[in-house]
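Raw structure39.cif, mmCIF, C-alpha atoms:
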```cif
data_target
#
loop_
_atom_site.label_atom_id
_atom_site.label_comp_id
_atom_site.auth_asym_id
_atom_site.auth_seq_id
_atom_site.Cartn_x
_atom_site.Cartn_y
_atom_site.Cartn_z
CA MET A 690 193.28 86.57 121.16
CA ILE A 691 192.66 83.61 118.85
CA LYS A 692 192.82 80.25 120.64
CA GLY A 693 193.61 76.67 119.62
CA ASP A 694 191.45 75.33 116.79
CA LYS A 695 190.31 78.82 115.81
CA MET A 696 193.94 79.84 115.23
CA ASP A 697 194.53 76.73 113.14
CA ASN A 698 191.47 77.54 111.02
CA VAL A 699 192.54 81.15 110.52
CA VAL A 700 196.05 80.09 109.46
CA LYS A 701 194.65 77.44 107.09
CA LYS A 702 192.28 79.97 105.52
CA VAL A 703 195.07 82.51 105.02
CA ILE A 704 197.32 79.90 103.39
CA LEU A 705 194.52 78.57 101.17
CA LEU A 706 193.60 82.11 100.17
CA GLY A 707 197.21 82.81 99.23
CA LEU A 708 197.46 79.59 97.24
CA GLY A 709 194.16 80.32 95.49
CA ILE A 710 195.24 83.82 94.52
CA GLY A 711 198.59 82.48 93.31
CA ALA A 712 196.96 79.76 91.20
CA THR A 713 194.46 82.16 89.70
CA THR A 714 197.16 84.70 88.90
CA LYS A 715 199.39 82.01 87.36
CA ASP A 716 196.53 80.85 85.15
CA LYS A 717 195.87 84.42 84.04
CA ILE A 718 199.57 85.01 83.31
CA GLU A 719 199.77 81.80 81.26
CA LYS A 720 196.66 82.77 79.24
CA LEU A 721 198.00 86.27 78.65
CA ILE A 722 201.36 84.91 77.52
CA LYS A 723 199.67 82.45 75.14
CA GLU A 724 197.62 85.28 73.63
CA LEU A 725 200.70 87.48 73.18
CA VAL A 726 202.63 84.63 71.58
CA LYS A 727 199.67 83.84 69.32
CA LYS A 728 199.47 87.49 68.22
CA GLY A 729 203.22 87.54 67.60
CA GLU A 730 203.82 90.24 70.17
CA LEU A 731 205.98 87.89 72.22
CA SER A 732 208.16 84.93 71.28
CA ALA A 733 207.57 81.55 72.91
CA LYS A 734 211.03 81.79 74.48
CA GLU A 735 210.24 85.21 75.97
CA GLY A 736 206.89 83.92 77.20
CA ASN A 737 208.53 80.97 78.94
CA LYS A 738 211.10 83.28 80.53
CA ILE A 739 208.37 85.58 81.85
CA LYS A 740 206.43 82.60 83.20
CA GLU A 741 209.54 81.14 84.88
CA ASP A 742 210.36 84.51 86.46
CA PHE A 743 206.79 84.80 87.71
CA VAL A 744 206.88 81.29 89.22
CA LYS A 745 210.22 82.01 90.96
CA LYS A 746 208.94 85.29 92.40
CA SER A 747 205.70 83.64 93.50
CA LYS A 748 207.59 80.86 95.27
CA LYS A 749 209.80 83.39 97.04
CA GLN A 750 206.80 85.41 98.12
CA THR A 751 205.05 82.25 99.32
CA ASP A 752 208.15 81.28 101.31
CA ASP A 753 208.33 84.79 102.79
CA VAL A 754 204.67 84.63 103.83
CA ARG A 755 205.18 81.20 105.39
CA LYS A 756 208.16 82.51 107.36
CA ILE A 757 206.09 85.45 108.63
CA ILE A 758 203.21 83.16 109.60
CA ASP A 759 205.62 80.78 111.32
CA LEU A 760 207.21 83.63 113.27
CA GLU A 761 203.81 85.05 114.26
CA LEU A 762 202.60 81.63 115.40
CA LYS A 763 205.74 81.07 117.46
CA MET A 764 205.31 84.46 119.12
CA ALA A 765 201.63 83.77 119.82
CA VAL A 766 202.40 80.35 121.31
CA LYS A 767 205.13 81.87 123.50
CA LYS A 768 202.55 84.20 125.00
CA MET A 769 200.27 81.28 125.87
CA PRO A 770 200.71 79.55 129.22
CA PHE A 771 202.01 76.26 127.82
CA ALA A 772 205.07 74.37 128.96
CA THR A 773 207.73 74.20 126.28
CA LYS A 774 209.86 71.15 125.50
CA ALA A 775 212.72 72.88 127.33
CA ASP A 776 210.48 73.41 130.39
CA LEU A 777 209.54 69.72 130.37
CA LYS A 778 213.20 68.66 130.09
CA VAL A 779 214.07 70.78 133.15
CA LEU A 780 211.23 69.18 135.11
CA GLU A 781 212.27 65.68 133.98
CA ARG A 782 215.82 66.33 135.23
CA LYS A 783 214.50 67.55 138.59
CA ILE A 784 212.25 64.49 138.92
CA ASP A 785 215.14 62.18 138.05
CA LYS A 786 217.33 63.88 140.65
CA LEU A 787 214.64 63.58 143.32
CA ASN A 788 214.04 59.91 142.44
CA LYS A 789 217.76 59.21 142.83
CA GLN A 790 217.77 60.94 146.22
CA VAL A 791 214.71 59.02 147.42
CA ASN A 792 215.97 55.69 146.13
CA ALA A 793 219.60 56.16 147.18
CA PRO A 794 220.99 53.60 149.63
CA LYS A 795 220.81 54.77 153.24
CA THR A 796 224.11 55.63 154.92
CA LYS A 797 225.08 54.51 158.45
CA GLY A 798 223.74 57.63 160.14
CA GLN A 799 220.31 57.40 158.57
CA LYS A 800 217.52 55.25 159.92
CA LYS A 801 215.29 53.28 157.60
CA GLU A 802 211.71 54.42 157.68
CA LYS A 803 209.09 51.81 158.45
#
```

Could you rewrite the structure in this file as structure tokens?
Amino acid sequence: MIKGDKMDNVVKKVILLGLGIGATTKDKIEKLIKELVKKGELSAKEGNKIKEDFVKKSKKQTDDVRKIIDLELKMAVKKMPFATKADLKVLERKIDKLNKQVNAPKTKGQKKEK
């Protein structure tokens, strides 16, 4: 199991790798489109449309990958023995309740402790 900082590094590397591949591919697509337009095999309008479609698909794929990574991280964190915010809230409520009981005014039948 990957722990703490190591997990952060792995996630960062995966994201950077994805961004690097996307940037490289986008550059290659743009160069290819420019060549095709220059040769007259593709109009500038068609080239722009292809590039826009590519960018949209790339963004969707990037979003999908981020969602998968987010889900995987959440599942991994759930398996780790950490208290969640919800766990802490429950404990805070219990502490508050106990503090109120300890600090509550004493009734007639109770003796004050010395």

| said: Please compute the atom CA of A:Lys774-atom CA of A:Ala793 distance, one decimal, in Å. | reply: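 Interatomic distance here is 28.1 Å.
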
| request: Could you please determine the separation between atom CA of A:Gly736 and atom CA of A:Thr751 in Å, to one decimal place? | output: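 Atom CA of A:Thr751 lies at a distance of 22.3 Å from atom CA of A:Gly736.
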
| request: Could you check how far atom CA of A:Lys778 sits from atom CA of A:Leu762, in Å to one decimal? | output: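 Answer for the atom CA of A:Lys778 to atom CA of A:Leu762 separation: 22.3 Å.
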
| request: Name all residues at most 12 Å from A:Glu735 (count only C-alpha atoms; drop same-chain ones fewer than 4 positions away) and give them as a list in words. | output: Ile722, Lys723, Leu725, Val726, Gly729, Glu730, Leu731, Ile739, Lys740, Glu741 and Asp742 of chain A

| request: Select, from A:Leu721, A:Met769, A:Arg782, A:Lys763, the residue with the minimum atom-to-atom distance to A:Asn737, counting all atoms listed in the file. | output: A:Leu721
